[in-house]
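Okay, entry-v8.cif is below, mmCIF, C-alpha atoms:
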```cif
data_coords
#
loop_
_atom_site.group_PDB
_atom_site.id
_atom_site.type_symbol
_atom_site.label_atom_id
_atom_site.label_comp_id
_atom_site.auth_asym_id
_atom_site.auth_seq_id
_atom_site.Cartn_x
_atom_site.Cartn_y
_atom_site.Cartn_z
ATOM 1 C CA MET A 2 4.085 11.032 -16.399
ATOM 2 C CA VAL A 3 3.143 9.291 -13.152
ATOM 3 C CA LYS A 4 1.734 5.761 -13.349
ATOM 4 C CA ILE A 5 -0.225 4.120 -10.545
ATOM 5 C CA HIS A 6 -0.178 0.327 -10.632
ATOM 6 C CA VAL A 7 -3.079 -1.433 -8.925
ATOM 7 C CA VAL A 8 -1.022 -4.276 -7.458
ATOM 8 C CA GLY A 9 -3.709 -5.495 -5.069
ATOM 9 C CA SER A 10 -7.382 -4.476 -5.200
ATOM 10 C CA GLY A 11 -8.903 -7.091 -2.900
ATOM 11 C CA THR A 12 -9.653 -7.821 0.727
ATOM 12 C CA PRO A 13 -8.832 -10.462 3.377
ATOM 13 C CA THR A 14 -11.071 -12.850 1.397
ATOM 14 C CA PRO A 15 -8.984 -14.380 -1.409
ATOM 15 C CA THR A 16 -10.482 -14.802 -4.863
ATOM 16 C CA ALA A 17 -8.947 -15.864 -8.157
ATOM 17 C CA GLU A 18 -8.981 -12.239 -9.344
ATOM 18 C CA ARG A 19 -7.924 -10.189 -6.294
ATOM 19 C CA PHE A 20 -6.436 -10.527 -2.815
ATOM 20 C CA GLY A 21 -5.237 -7.807 -0.442
ATOM 21 C CA SER A 22 -4.164 -4.215 -1.048
ATOM 22 C CA ALA A 23 -1.080 -2.685 -2.646
ATOM 23 C CA PHE A 24 -0.434 0.238 -5.007
ATOM 24 C CA ALA A 25 2.822 1.203 -6.703
ATOM 25 C CA VAL A 26 3.409 4.728 -7.971
ATOM 26 C CA GLU A 27 5.984 4.788 -10.751
ATOM 27 C CA PHE A 28 7.850 7.934 -11.820
ATOM 28 C CA GLU A 29 9.926 8.560 -14.936
ATOM 29 C CA ALA A 30 13.071 9.658 -13.110
ATOM 30 C CA SER A 31 12.547 8.824 -9.436
ATOM 31 C CA PRO A 32 12.240 5.605 -7.398
ATOM 32 C CA THR A 33 8.870 3.883 -7.103
ATOM 33 C CA VAL A 34 6.666 4.460 -4.047
ATOM 34 C CA LEU A 35 4.639 1.542 -2.656
ATOM 35 C CA PHE A 36 1.458 2.027 -0.634
ATOM 36 C CA ASP A 37 0.680 -1.125 1.395
ATOM 37 C CA CYS A 38 2.141 -4.547 0.779
ATOM 38 C CA GLY A 39 -0.671 -7.115 0.870
ATOM 39 C CA PRO A 40 -0.549 -10.808 -0.053
ATOM 40 C CA ALA A 41 1.770 -11.673 -2.973
ATOM 41 C CA ALA A 42 2.559 -7.995 -3.580
ATOM 42 C CA THR A 43 6.215 -8.691 -4.414
ATOM 43 C CA HIS A 44 5.305 -11.234 -7.088
ATOM 44 C CA LYS A 45 2.542 -9.034 -8.482
ATOM 45 C CA LEU A 46 4.940 -6.067 -8.646
ATOM 46 C CA VAL A 47 7.321 -8.077 -10.798
ATOM 47 C CA LYS A 48 4.435 -9.156 -13.025
ATOM 48 C CA SER A 49 3.691 -5.432 -13.459
ATOM 49 C CA GLY A 50 7.260 -4.800 -14.605
ATOM 50 C CA ILE A 51 8.539 -3.315 -11.339
ATOM 51 C CA TRP A 52 11.608 -4.956 -9.788
ATOM 52 C CA PRO A 53 11.676 -4.873 -5.963
ATOM 53 C CA THR A 54 14.789 -2.686 -5.837
ATOM 54 C CA ASP A 55 13.011 -0.112 -8.026
ATOM 55 C CA VAL A 56 11.023 0.675 -4.864
ATOM 56 C CA ARG A 57 12.643 2.982 -2.340
ATOM 57 C CA TYR A 58 9.674 4.169 -0.275
ATOM 58 C CA ILE A 59 6.849 2.227 1.396
ATOM 59 C CA PHE A 60 3.846 3.694 3.202
ATOM 60 C CA LEU A 61 1.640 1.340 5.251
ATOM 61 C CA THR A 62 -1.936 2.391 6.034
ATOM 62 C CA HIS A 63 -2.410 -0.097 8.903
ATOM 63 C CA HIS A 64 -1.347 -3.528 10.074
ATOM 64 C CA HIS A 65 -4.231 -5.754 8.980
ATOM 65 C CA PHE A 66 -2.749 -8.761 7.200
ATOM 66 C CA ASP A 67 -4.378 -8.011 3.862
ATOM 67 C CA HIS A 68 -2.323 -4.794 3.782
ATOM 68 C CA VAL A 69 1.019 -6.070 5.148
ATOM 69 C CA ALA A 70 1.190 -9.869 4.711
ATOM 70 C CA ASP A 71 3.855 -9.671 1.998
ATOM 71 C CA LEU A 72 6.017 -7.120 3.807
ATOM 72 C CA PRO A 73 8.522 -9.690 5.150
ATOM 73 C CA CYS A 74 8.815 -11.217 1.684
ATOM 74 C CA PHE A 75 9.356 -7.800 0.116
ATOM 75 C CA LEU A 76 11.897 -6.676 2.737
ATOM 76 C CA MET A 77 13.936 -9.884 2.485
ATOM 77 C CA CYS A 78 13.796 -9.811 -1.327
ATOM 78 C CA TRP A 79 14.755 -6.130 -1.463
ATOM 79 C CA TRP A 80 17.668 -6.687 0.946
ATOM 80 C CA ASP A 81 18.841 -9.802 -0.900
ATOM 81 C CA GLN A 82 18.659 -8.294 -4.396
ATOM 82 C CA ASN A 83 19.941 -4.879 -3.343
ATOM 83 C CA ALA A 84 23.350 -6.225 -2.221
ATOM 84 C CA GLY A 85 24.006 -2.978 -0.371
ATOM 85 C CA LEU A 86 24.309 -1.006 -3.613
ATOM 86 C CA ARG A 87 21.391 1.424 -3.312
ATOM 87 C CA PRO A 88 20.267 4.018 -0.756
ATOM 88 C CA LYS A 89 18.319 2.718 2.203
ATOM 89 C CA LEU A 90 14.705 1.663 1.846
ATOM 90 C CA GLU A 91 12.420 4.113 3.672
ATOM 91 C CA LEU A 92 9.410 2.574 5.407
ATOM 92 C CA TYR A 93 6.649 4.632 7.034
ATOM 93 C CA GLY A 94 3.487 3.583 8.821
ATOM 94 C CA PRO A 95 1.249 4.132 11.832
ATOM 95 C CA SER A 96 2.248 3.427 15.422
ATOM 96 C CA ASP A 97 4.135 0.150 15.990
ATOM 97 C CA THR A 98 5.487 0.011 12.431
ATOM 98 C CA GLU A 99 9.027 0.191 13.844
ATOM 99 C CA LEU A 100 8.289 -2.659 16.271
ATOM 100 C CA PHE A 101 6.459 -4.657 13.603
ATOM 101 C CA THR A 102 9.422 -4.402 11.231
ATOM 102 C CA ALA A 103 11.900 -5.425 13.930
ATOM 103 C CA ASP A 104 9.681 -8.411 14.772
ATOM 104 C CA LEU A 105 10.022 -9.517 11.142
ATOM 105 C CA VAL A 106 13.622 -8.842 10.126
ATOM 106 C CA GLY A 107 15.344 -7.594 13.284
ATOM 107 C CA PRO A 108 17.986 -9.490 15.303
ATOM 108 C CA ARG A 109 15.275 -11.489 17.084
ATOM 109 C CA GLY A 110 12.727 -11.329 14.268
ATOM 110 C CA ALA A 111 10.938 -14.150 12.509
ATOM 111 C CA PHE A 112 13.390 -14.097 9.583
ATOM 112 C CA ALA A 113 16.600 -13.659 11.596
ATOM 113 C CA ARG A 114 17.652 -17.269 10.936
ATOM 114 C CA ASP A 115 17.288 -16.677 7.211
ATOM 115 C CA TRP A 116 19.278 -13.446 6.950
ATOM 116 C CA ARG A 117 21.977 -14.656 9.339
ATOM 117 C CA ALA A 118 22.498 -17.708 7.124
ATOM 118 C CA ARG A 119 22.597 -15.530 4.009
ATOM 119 C CA SER A 120 25.100 -13.235 5.704
ATOM 120 C CA SER A 121 27.458 -16.064 6.694
ATOM 121 C CA HIS A 122 27.212 -19.080 4.394
ATOM 122 C CA PRO A 123 29.914 -19.160 1.659
ATOM 123 C CA LEU A 124 27.373 -19.829 -1.108
ATOM 124 C CA SER A 125 25.246 -16.826 -0.141
ATOM 125 C CA LEU A 126 28.312 -14.636 0.166
ATOM 126 C CA ARG A 127 29.474 -15.668 -3.309
ATOM 127 C CA THR A 128 26.060 -14.742 -4.687
ATOM 128 C CA TYR A 129 26.212 -11.445 -2.797
ATOM 129 C CA VAL A 130 29.619 -10.630 -4.296
ATOM 130 C CA SER A 131 28.469 -11.620 -7.784
ATOM 131 C CA ARG A 132 25.708 -9.016 -7.461
ATOM 132 C CA GLY A 133 28.287 -6.361 -6.637
ATOM 133 C CA GLY A 134 28.161 -6.562 -2.856
ATOM 134 C CA ILE A 135 31.240 -6.035 -0.695
ATOM 135 C CA PRO A 136 31.478 -8.220 2.468
ATOM 136 C CA PRO A 137 30.748 -8.182 5.307
ATOM 137 C CA ARG A 138 27.039 -8.282 4.562
ATOM 138 C CA GLN A 139 24.826 -5.948 6.577
ATOM 139 C CA ALA A 140 21.702 -7.081 8.422
ATOM 140 C CA PRO A 141 18.370 -6.098 6.785
ATOM 141 C CA LEU A 142 17.580 -3.403 9.349
ATOM 142 C CA ASP A 143 20.869 -1.696 8.476
ATOM 143 C CA ASP A 144 19.453 -1.180 4.969
ATOM 144 C CA ILE A 145 16.038 0.117 6.129
ATOM 145 C CA ASP A 146 15.018 3.426 7.694
ATOM 146 C CA VAL A 147 11.686 2.717 9.393
ATOM 147 C CA ARG A 148 9.609 5.381 11.100
ATOM 148 C CA ASP A 149 6.268 5.554 12.870
ATOM 149 C CA ILE A 150 4.198 8.500 11.648
ATOM 150 C CA SER A 151 0.797 9.891 12.569
ATOM 151 C CA ASP A 152 -1.992 12.258 11.588
ATOM 152 C CA GLY A 153 -0.639 15.486 10.089
ATOM 153 C CA ASP A 154 2.877 14.244 9.336
ATOM 154 C CA VAL A 155 4.453 15.265 6.020
ATOM 155 C CA ILE A 156 7.128 13.252 4.206
ATOM 156 C CA ARG A 157 9.011 14.904 1.358
ATOM 157 C CA GLY A 158 10.509 12.778 -1.403
ATOM 158 C CA PRO A 159 12.574 13.646 -4.466
ATOM 159 C CA VAL A 160 9.615 14.753 -6.646
ATOM 160 C CA TRP A 161 6.648 14.289 -4.321
ATOM 161 C CA THR A 162 5.174 15.048 -0.919
ATOM 162 C CA VAL A 163 3.067 12.640 1.157
ATOM 163 C CA LEU A 164 0.610 13.901 3.776
ATOM 164 C CA ALA A 165 -0.844 11.525 6.361
ATOM 165 C CA ALA A 166 -4.296 11.741 7.950
ATOM 166 C CA ARG A 167 -6.119 9.562 10.444
ATOM 167 C CA ALA A 168 -8.604 7.135 8.885
ATOM 168 C CA VAL A 169 -11.455 5.796 11.019
ATOM 169 C CA HIS A 170 -11.233 2.006 10.872
ATOM 170 C CA TYR A 171 -10.263 -0.323 13.758
ATOM 171 C CA GLN A 172 -9.307 2.069 16.544
ATOM 172 C CA PRO A 173 -8.364 1.565 19.349
ATOM 173 C CA PHE A 174 -7.017 -1.848 18.355
ATOM 174 C CA LEU A 175 -5.126 -0.630 15.263
ATOM 175 C CA GLU A 176 -4.233 2.869 14.184
ATOM 176 C CA SER A 177 -4.986 3.598 10.534
ATOM 177 C CA LEU A 178 -3.790 6.268 8.135
ATOM 178 C CA ALA A 179 -4.783 7.567 4.721
ATOM 179 C CA TYR A 180 -2.219 9.234 2.454
ATOM 180 C CA ARG A 181 -2.208 12.059 -0.067
ATOM 181 C CA LEU A 182 0.577 11.969 -2.650
ATOM 182 C CA GLU A 183 1.216 15.357 -4.260
ATOM 183 C CA THR A 184 3.304 15.672 -7.423
ATOM 184 C CA SER A 185 3.799 18.197 -10.190
ATOM 185 C CA HIS A 186 1.349 16.089 -12.241
ATOM 186 C CA GLY A 187 -1.430 16.218 -9.634
ATOM 187 C CA ALA A 188 -2.562 14.680 -6.349
ATOM 188 C CA VAL A 189 -3.793 11.182 -5.524
ATOM 189 C CA VAL A 190 -5.235 9.891 -2.246
ATOM 190 C CA PHE A 191 -5.144 6.332 -0.908
ATOM 191 C CA THR A 192 -7.736 5.874 1.823
ATOM 192 C CA GLY A 193 -6.550 2.513 3.107
ATOM 193 C CA ASP A 194 -9.510 1.152 5.070
ATOM 194 C CA THR A 195 -11.902 3.724 6.486
ATOM 195 C CA GLU A 196 -15.498 4.614 7.042
ATOM 196 C CA PRO A 197 -16.650 7.942 5.589
ATOM 197 C CA CYS A 198 -15.025 10.569 7.798
ATOM 198 C CA ARG A 199 -14.129 14.246 7.763
ATOM 199 C CA GLN A 200 -10.382 13.638 8.132
ATOM 200 C CA VAL A 201 -10.158 11.687 4.877
ATOM 201 C CA GLU A 202 -12.551 14.079 3.110
ATOM 202 C CA ASP A 203 -10.289 16.991 4.038
ATOM 203 C CA LEU A 204 -7.180 15.073 2.970
ATOM 204 C CA ALA A 205 -8.708 14.327 -0.437
ATOM 205 C CA ARG A 206 -10.096 17.801 -1.103
ATOM 206 C CA GLY A 207 -9.514 18.752 -4.736
ATOM 207 C CA ALA A 208 -7.398 15.683 -5.501
ATOM 208 C CA ASP A 209 -7.220 14.328 -9.026
ATOM 209 C CA ILE A 210 -7.790 10.703 -8.003
ATOM 210 C CA LEU A 211 -9.226 9.057 -4.893
ATOM 211 C CA PHE A 212 -8.519 5.362 -4.381
ATOM 212 C CA CYS A 213 -11.253 4.384 -1.940
ATOM 213 C CA MET A 214 -12.167 1.062 -0.381
ATOM 214 C CA CYS A 215 -15.590 -0.300 -1.335
ATOM 215 C CA TRP A 216 -16.368 -3.510 0.512
ATOM 216 C CA ASP A 217 -19.902 -4.160 -0.770
ATOM 217 C CA HIS A 218 -23.198 -2.676 -1.910
ATOM 218 C CA GLN A 219 -24.254 -0.073 0.644
ATOM 219 C CA ALA A 220 -27.707 -1.545 1.281
ATOM 220 C CA ILE A 221 -26.192 -4.894 2.193
ATOM 221 C CA MET A 222 -23.640 -3.296 4.536
ATOM 222 C CA ASP A 223 -26.263 -1.113 6.190
ATOM 223 C CA GLY A 224 -28.423 -4.194 6.727
ATOM 224 C CA ASN A 225 -25.764 -6.447 8.253
ATOM 225 C CA GLY A 226 -23.926 -3.780 10.244
ATOM 226 C CA GLU A 227 -20.703 -3.979 8.234
ATOM 227 C CA CYS A 228 -20.781 -0.253 7.469
ATOM 228 C CA GLU A 229 -18.882 0.579 10.665
ATOM 229 C CA GLY A 230 -15.213 1.249 9.977
ATOM 230 C CA GLN A 231 -15.421 0.802 6.219
ATOM 231 C CA CYS A 232 -16.947 2.229 3.061
ATOM 232 C CA GLY A 233 -19.528 0.707 0.783
ATOM 233 C CA THR A 234 -20.660 2.050 -2.555
ATOM 234 C CA ILE A 235 -22.549 5.075 -1.265
ATOM 235 C CA GLY A 236 -20.017 5.816 1.469
ATOM 236 C CA ALA A 237 -17.217 5.943 -1.101
ATOM 237 C CA ALA A 238 -19.346 8.081 -3.402
ATOM 238 C CA GLU A 239 -20.254 10.540 -0.658
ATOM 239 C CA MET A 240 -16.622 11.003 0.372
ATOM 240 C CA ALA A 241 -15.592 11.559 -3.239
ATOM 241 C CA ALA A 242 -18.393 14.063 -3.785
ATOM 242 C CA ALA A 243 -17.673 15.934 -0.553
ATOM 243 C CA SER A 244 -13.965 16.111 -1.411
ATOM 244 C CA GLY A 245 -14.515 17.380 -4.938
ATOM 245 C CA VAL A 246 -12.139 14.847 -6.484
ATOM 246 C CA LYS A 247 -12.067 14.331 -10.250
ATOM 247 C CA ARG A 248 -11.820 10.538 -10.395
ATOM 248 C CA LEU A 249 -12.897 7.825 -7.970
ATOM 249 C CA VAL A 250 -11.253 4.406 -8.157
ATOM 250 C CA LEU A 251 -13.019 1.642 -6.226
ATOM 251 C CA VAL A 252 -10.566 -0.751 -4.589
ATOM 252 C CA HIS A 253 -10.518 -3.165 -1.632
ATOM 253 C CA THR A 254 -13.678 -4.549 -3.191
ATOM 254 C CA GLY A 255 -15.224 -7.631 -1.592
ATOM 255 C CA PRO A 256 -15.987 -10.896 -3.388
ATOM 256 C CA ALA A 257 -19.709 -10.188 -3.744
ATOM 257 C CA VAL A 258 -19.527 -6.700 -5.264
ATOM 258 C CA SER A 259 -16.534 -7.761 -7.389
ATOM 259 C CA ARG A 260 -18.519 -10.283 -9.407
ATOM 260 C CA VAL A 261 -18.775 -9.130 -13.009
ATOM 261 C CA ASP A 262 -22.575 -9.064 -12.855
ATOM 262 C CA GLU A 263 -22.460 -6.852 -9.716
ATOM 263 C CA GLN A 264 -19.831 -4.344 -10.783
ATOM 264 C CA GLU A 265 -22.178 -2.506 -13.149
ATOM 265 C CA LYS A 266 -24.728 -1.991 -10.356
ATOM 266 C CA ALA A 267 -21.971 -0.785 -7.997
ATOM 267 C CA VAL A 268 -20.737 1.810 -10.485
ATOM 268 C CA ARG A 269 -24.308 2.886 -11.253
ATOM 269 C CA ASP A 270 -25.062 3.391 -7.542
ATOM 270 C CA VAL A 271 -21.824 5.321 -7.005
ATOM 271 C CA SER A 272 -22.534 7.516 -10.023
ATOM 272 C CA SER A 273 -25.920 8.456 -8.618
ATOM 273 C CA VAL A 274 -24.061 10.388 -5.879
ATOM 274 C CA PHE A 275 -20.640 11.180 -7.336
ATOM 275 C CA HIS A 276 -20.685 12.703 -10.818
ATOM 276 C CA GLY A 277 -17.008 12.450 -11.705
ATOM 277 C CA GLU A 278 -15.305 9.533 -13.419
ATOM 278 C CA VAL A 279 -15.695 6.167 -11.651
ATOM 279 C CA LEU A 280 -13.454 3.155 -12.184
ATOM 280 C CA PHE A 281 -13.934 -0.297 -10.678
ATOM 281 C CA ALA A 282 -10.276 -1.367 -10.397
ATOM 282 C CA ALA A 283 -8.838 -4.735 -11.308
ATOM 283 C CA GLU A 284 -5.427 -5.988 -10.281
ATOM 284 C CA GLY A 285 -2.927 -5.118 -12.977
ATOM 285 C CA ASP A 286 -4.656 -1.883 -13.966
ATOM 286 C CA VAL A 287 -2.340 1.068 -14.626
ATOM 287 C CA ILE A 288 -3.800 4.528 -14.115
ATOM 288 C CA SER A 289 -2.004 7.671 -15.269
ATOM 289 C CA LEU A 290 -1.923 10.783 -13.137
#
```
Written form, structure tokens:
Amino acid sequence: MVKIHVVGSGTPTPTAERFGSAFAVEFEASPTVLFDCGPAATHKLVKSGIWPTDVRYIFLTHHHFDHVADLPCFLMCWWDQNAGLRPKLELYGPSDTELFTADLVGPRGAFARDWRARSSHPLSLRTYVSRGGIPPRQAPLDDIDVRDISDGDVIRGPVWTVLAARAVHYQPFLESLAYRLETSHGAVVFTGDTEPCRQVEDLARGADILFCMCWDHQAIMDGNGECEGQCGTIGAAEMAAASGVKRLVLVHTGPAVSRVDEQEKAVRDVSSVFHGEVLFAAEGDVISL
């Protein structure tokens, strides 16, 4: 069985119930795959029963903070807890992901003072050894394989394949990708942030589950111009219908449409266009593939 943990189902606007984007795909006999690493993702992973070192692969959709704000925390935690005992962490993302990672945990990165201290101070080294590590302690980037990828790239894992496609969001300022994860149990697509577009429709064609952003009610977005670069209720529904997916999971939902009294209307509007199963996701949900 494959389990998909909704670690983050929110947006850049924090609420008590959701903040930022992150999804963890858990396998019975293979390391966990993380898609995006938004605010507090590391803590929320642990609350879901997933230890950071259970994750071996990370795919970033784009570099907006609500999708990557917890990446430095996760990378430092993974490096610290790993103690050099496991295979390298593999990190993939759109252009500048390699530079972005180096700016965080590289030799001149924001957290260089931290990891240098942990690599040299006797107390940290004793902790490292007690976890099974053998000095000298490597720098974080020595434990991470990071790679920029782009539209059409294919990454093959132990029991899965990930296909990347361009998502229409904040170009030319940020490149954005959507991902299709194919397993023996079925296929699931994570749109990241995107407006309805042919590239993501083609990527999702025939998938079992589509995790699609849904910022707000479509009428509101059409009225205030916020429909450019992102999906609302009808946009998400139309992409799901055009792709022929079986289940549509609404994520990256804004604070207005996420109110309990608004969720029913959102699902009703989506169901008027898309006739498969619709789920309005909450953080902590676990969905089986």
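Closest approach to Leu46 (chain A) among A:Val7, A:Ile59, A:Leu249, A:Val261 is made by A:Val7 (distances from only C-alpha atoms).
Against the coordinates shown, the PyMOL selection byres ((chain A and resi 205) around 7) returns A:Arg181, A:Val190, A:Val201, A:Glu202, A:Asp203, A:Leu204, A:Arg206, A:Gly207, A:Ala208, A:Leu211, A:Ser244, A:Val246.
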Output file for the residues above (C-alpha atoms, as a PDB file, keeping the file's coordinate frame):
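Below is the file selection18.pdb, written as the result:
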```pdb
ATOM      1  CA  ARG A 181      -2.208  12.059  -0.067  1.00  0.00           C
ATOM      2  CA  VAL A 190      -5.235   9.891  -2.246  1.00  0.00           C
ATOM      3  CA  VAL A 201     -10.158  11.687   4.877  1.00  0.00           C
ATOM      4  CA  GLU A 202     -12.551  14.079   3.110  1.00  0.00           C
ATOM      5  CA  ASP A 203     -10.289  16.991   4.038  1.00  0.00           C
ATOM      6  CA  LEU A 204      -7.180  15.073   2.970  1.00  0.00           C
ATOM      7  CA  ARG A 206     -10.096  17.801  -1.103  1.00  0.00           C
ATOM      8  CA  GLY A 207      -9.514  18.752  -4.736  1.00  0.00           C
ATOM      9  CA  ALA A 208      -7.398  15.683  -5.501  1.00  0.00           C
ATOM     10  CA  LEU A 211      -9.226   9.057  -4.893  1.00  0.00           C
ATOM     11  CA  SER A 244     -13.965  16.111  -1.411  1.00  0.00           C
ATOM     12  CA  VAL A 246     -12.139  14.847  -6.484  1.00  0.00           C
TER      13      VAL A 246
END
```
task: Apply the PyMOL selection byres ((chain A and resi 132) around 12) to the structure shown and report the selected residues as JSON, numbers by chain.
output: {"A": [80, 81, 82, 83, 84, 85, 86, 125, 126, 127, 128, 129, 130, 131, 133, 134, 135, 136]}
Would you write out those residues with C-alpha atoms, as a PDB file, in the frame of the given file?
```pdb
ATOM      1  CA  TRP A  80      17.668  -6.687   0.946  1.00  0.00           C
ATOM      2  CA  ASP A  81      18.841  -9.802  -0.900  1.00  0.00           C
ATOM      3  CA  GLN A  82      18.659  -8.294  -4.396  1.00  0.00           C
ATOM      4  CA  ASN A  83      19.941  -4.879  -3.343  1.00  0.00           C
ATOM      5  CA  ALA A  84      23.350  -6.225  -2.221  1.00  0.00           C
ATOM      6  CA  GLY A  85      24.006  -2.978  -0.371  1.00  0.00           C
ATOM      7  CA  LEU A  86      24.309  -1.006  -3.613  1.00  0.00           C
ATOM      8  CA  SER A 125      25.246 -16.826  -0.141  1.00  0.00           C
ATOM      9  CA  LEU A 126      28.312 -14.636   0.166  1.00  0.00           C
ATOM     10  CA  ARG A 127      29.474 -15.668  -3.309  1.00  0.00           C
ATOM     11  CA  THR A 128      26.060 -14.742  -4.687  1.00  0.00           C
ATOM     12  CA  TYR A 129      26.212 -11.445  -2.797  1.00  0.00           C
ATOM     13  CA  VAL A 130      29.619 -10.630  -4.296  1.00  0.00           C
ATOM     14  CA  SER A 131      28.469 -11.620  -7.784  1.00  0.00           C
ATOM     15  CA  GLY A 133      28.287  -6.361  -6.637  1.00  0.00           C
ATOM     16  CA  GLY A 134      28.161  -6.562  -2.856  1.00  0.00           C
ATOM     17  CA  ILE A 135      31.240  -6.035  -0.695  1.00  0.00           C
ATOM     18  CA  PRO A 136      31.478  -8.220   2.468  1.00  0.00           C
TER      19      PRO A 136
END
```
- request: Select, counting only C-alpha atoms, all protein, DNA and RNA residues no farther than 6 Å from (-12.4, -0.5, -5.6) in file coordinates, and express the selection as a PyMOL selection string.
  value: chain A and resi 214-215+250-254+281-282
query: Which residue gives the smallest distance to Val287 (chain A) among A:Asp144, A:Asp104, A:Glu27, A:Asp270, with only C-alpha atoms counted?
result: A:Glu27
field: Resolved residues for the PyMOL selection byres ((chain A and resi 152-169) around 10) as an NGL selection string
entry: :A and (28 or 30-32 or 34 or 58 or 60 or 62-63 or 93-95 or 149-151 or 170-173 or 175-205 or 229-231)
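CA of Ala23 (chain A) is found 13.8 Å from CA of Ile288 (chain A).
Going from CA of Thr98 (chain A) over to CA of Phe36 (chain A), you cover 13.8 Å.
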All heavy atoms modelled onto region 176-181 of chain A, as a PDB file, in the coordinates of the input:
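Ended up saving to result.pdb:
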```pdb
ATOM      1  N   GLU A 176      -4.174   1.524  14.746  1.00  0.00           N
ATOM      2  CA  GLU A 176      -4.233   2.869  14.184  1.00  0.00           C
ATOM      3  C   GLU A 176      -4.187   2.757  12.666  1.00  0.00           C
ATOM      4  O   GLU A 176      -3.551   1.867  12.109  1.00  0.00           O
ATOM      5  CB  GLU A 176      -3.063   3.717  14.695  1.00  0.00           C
ATOM      6  CG  GLU A 176      -3.193   5.189  14.363  1.00  0.00           C
ATOM      7  CD  GLU A 176      -4.538   5.763  14.771  1.00  0.00           C
ATOM      8  OE1 GLU A 176      -4.752   5.947  15.981  1.00  0.00           O
ATOM      9  OE2 GLU A 176      -5.373   6.013  13.868  1.00  0.00           O
ATOM     10  N   SER A 177      -4.906   3.642  11.992  1.00  0.00           N
ATOM     11  CA  SER A 177      -4.986   3.598  10.534  1.00  0.00           C
ATOM     12  C   SER A 177      -4.752   4.988   9.956  1.00  0.00           C
ATOM     13  O   SER A 177      -5.194   5.994  10.527  1.00  0.00           O
ATOM     14  CB  SER A 177      -6.365   3.089  10.083  1.00  0.00           C
ATOM     15  OG  SER A 177      -6.570   1.758  10.488  1.00  0.00           O
ATOM     16  N   LEU A 178      -4.082   5.019   8.806  1.00  0.00           N
ATOM     17  CA  LEU A 178      -3.790   6.268   8.135  1.00  0.00           C
ATOM     18  C   LEU A 178      -4.251   6.216   6.681  1.00  0.00           C
ATOM     19  O   LEU A 178      -4.285   5.150   6.072  1.00  0.00           O
ATOM     20  CB  LEU A 178      -2.279   6.557   8.156  1.00  0.00           C
ATOM     21  CG  LEU A 178      -1.636   6.791   9.516  1.00  0.00           C
ATOM     22  CD1 LEU A 178      -0.119   6.883   9.370  1.00  0.00           C
ATOM     23  CD2 LEU A 178      -2.179   8.056  10.175  1.00  0.00           C
ATOM     24  N   ALA A 179      -4.604   7.370   6.158  1.00  0.00           N
ATOM     25  CA  ALA A 179      -4.783   7.567   4.721  1.00  0.00           C
ATOM     26  C   ALA A 179      -3.664   8.494   4.268  1.00  0.00           C
ATOM     27  O   ALA A 179      -3.082   9.234   5.072  1.00  0.00           O
ATOM     28  CB  ALA A 179      -6.146   8.179   4.417  1.00  0.00           C
ATOM     29  N   TYR A 180      -3.345   8.454   2.960  1.00  0.00           N
ATOM     30  CA  TYR A 180      -2.219   9.234   2.454  1.00  0.00           C
ATOM     31  C   TYR A 180      -2.611  10.026   1.207  1.00  0.00           C
ATOM     32  O   TYR A 180      -3.341   9.527   0.355  1.00  0.00           O
ATOM     33  CB  TYR A 180      -1.049   8.316   2.090  1.00  0.00           C
ATOM     34  CG  TYR A 180      -0.436   7.597   3.271  1.00  0.00           C
ATOM     35  CD1 TYR A 180      -0.606   6.220   3.425  1.00  0.00           C
ATOM     36  CD2 TYR A 180       0.311   8.285   4.222  1.00  0.00           C
ATOM     37  CE1 TYR A 180      -0.037   5.547   4.494  1.00  0.00           C
ATOM     38  CE2 TYR A 180       0.885   7.623   5.297  1.00  0.00           C
ATOM     39  CZ  TYR A 180       0.704   6.248   5.427  1.00  0.00           C
ATOM     40  OH  TYR A 180       1.268   5.590   6.495  1.00  0.00           O
ATOM     41  N   ARG A 181      -2.073  11.223   1.128  1.00  0.00           N
ATOM     42  CA  ARG A 181      -2.208  12.059  -0.067  1.00  0.00           C
ATOM     43  C   ARG A 181      -0.822  12.242  -0.675  1.00  0.00           C
ATOM     44  O   ARG A 181       0.100  12.755  -0.012  1.00  0.00           O
ATOM     45  CB  ARG A 181      -2.812  13.417   0.281  1.00  0.00           C
ATOM     46  CG  ARG A 181      -2.970  14.355  -0.934  1.00  0.00           C
ATOM     47  CD  ARG A 181      -3.477  15.715  -0.506  1.00  0.00           C
ATOM     48  NE  ARG A 181      -3.638  16.642  -1.628  1.00  0.00           N
ATOM     49  CZ  ARG A 181      -4.803  17.093  -2.083  1.00  0.00           C
ATOM     50  NH1 ARG A 181      -5.927  16.695  -1.507  1.00  0.00           N
ATOM     51  NH2 ARG A 181      -4.854  17.938  -3.099  1.00  0.00           N
TER      52      ARG A 181
END
```
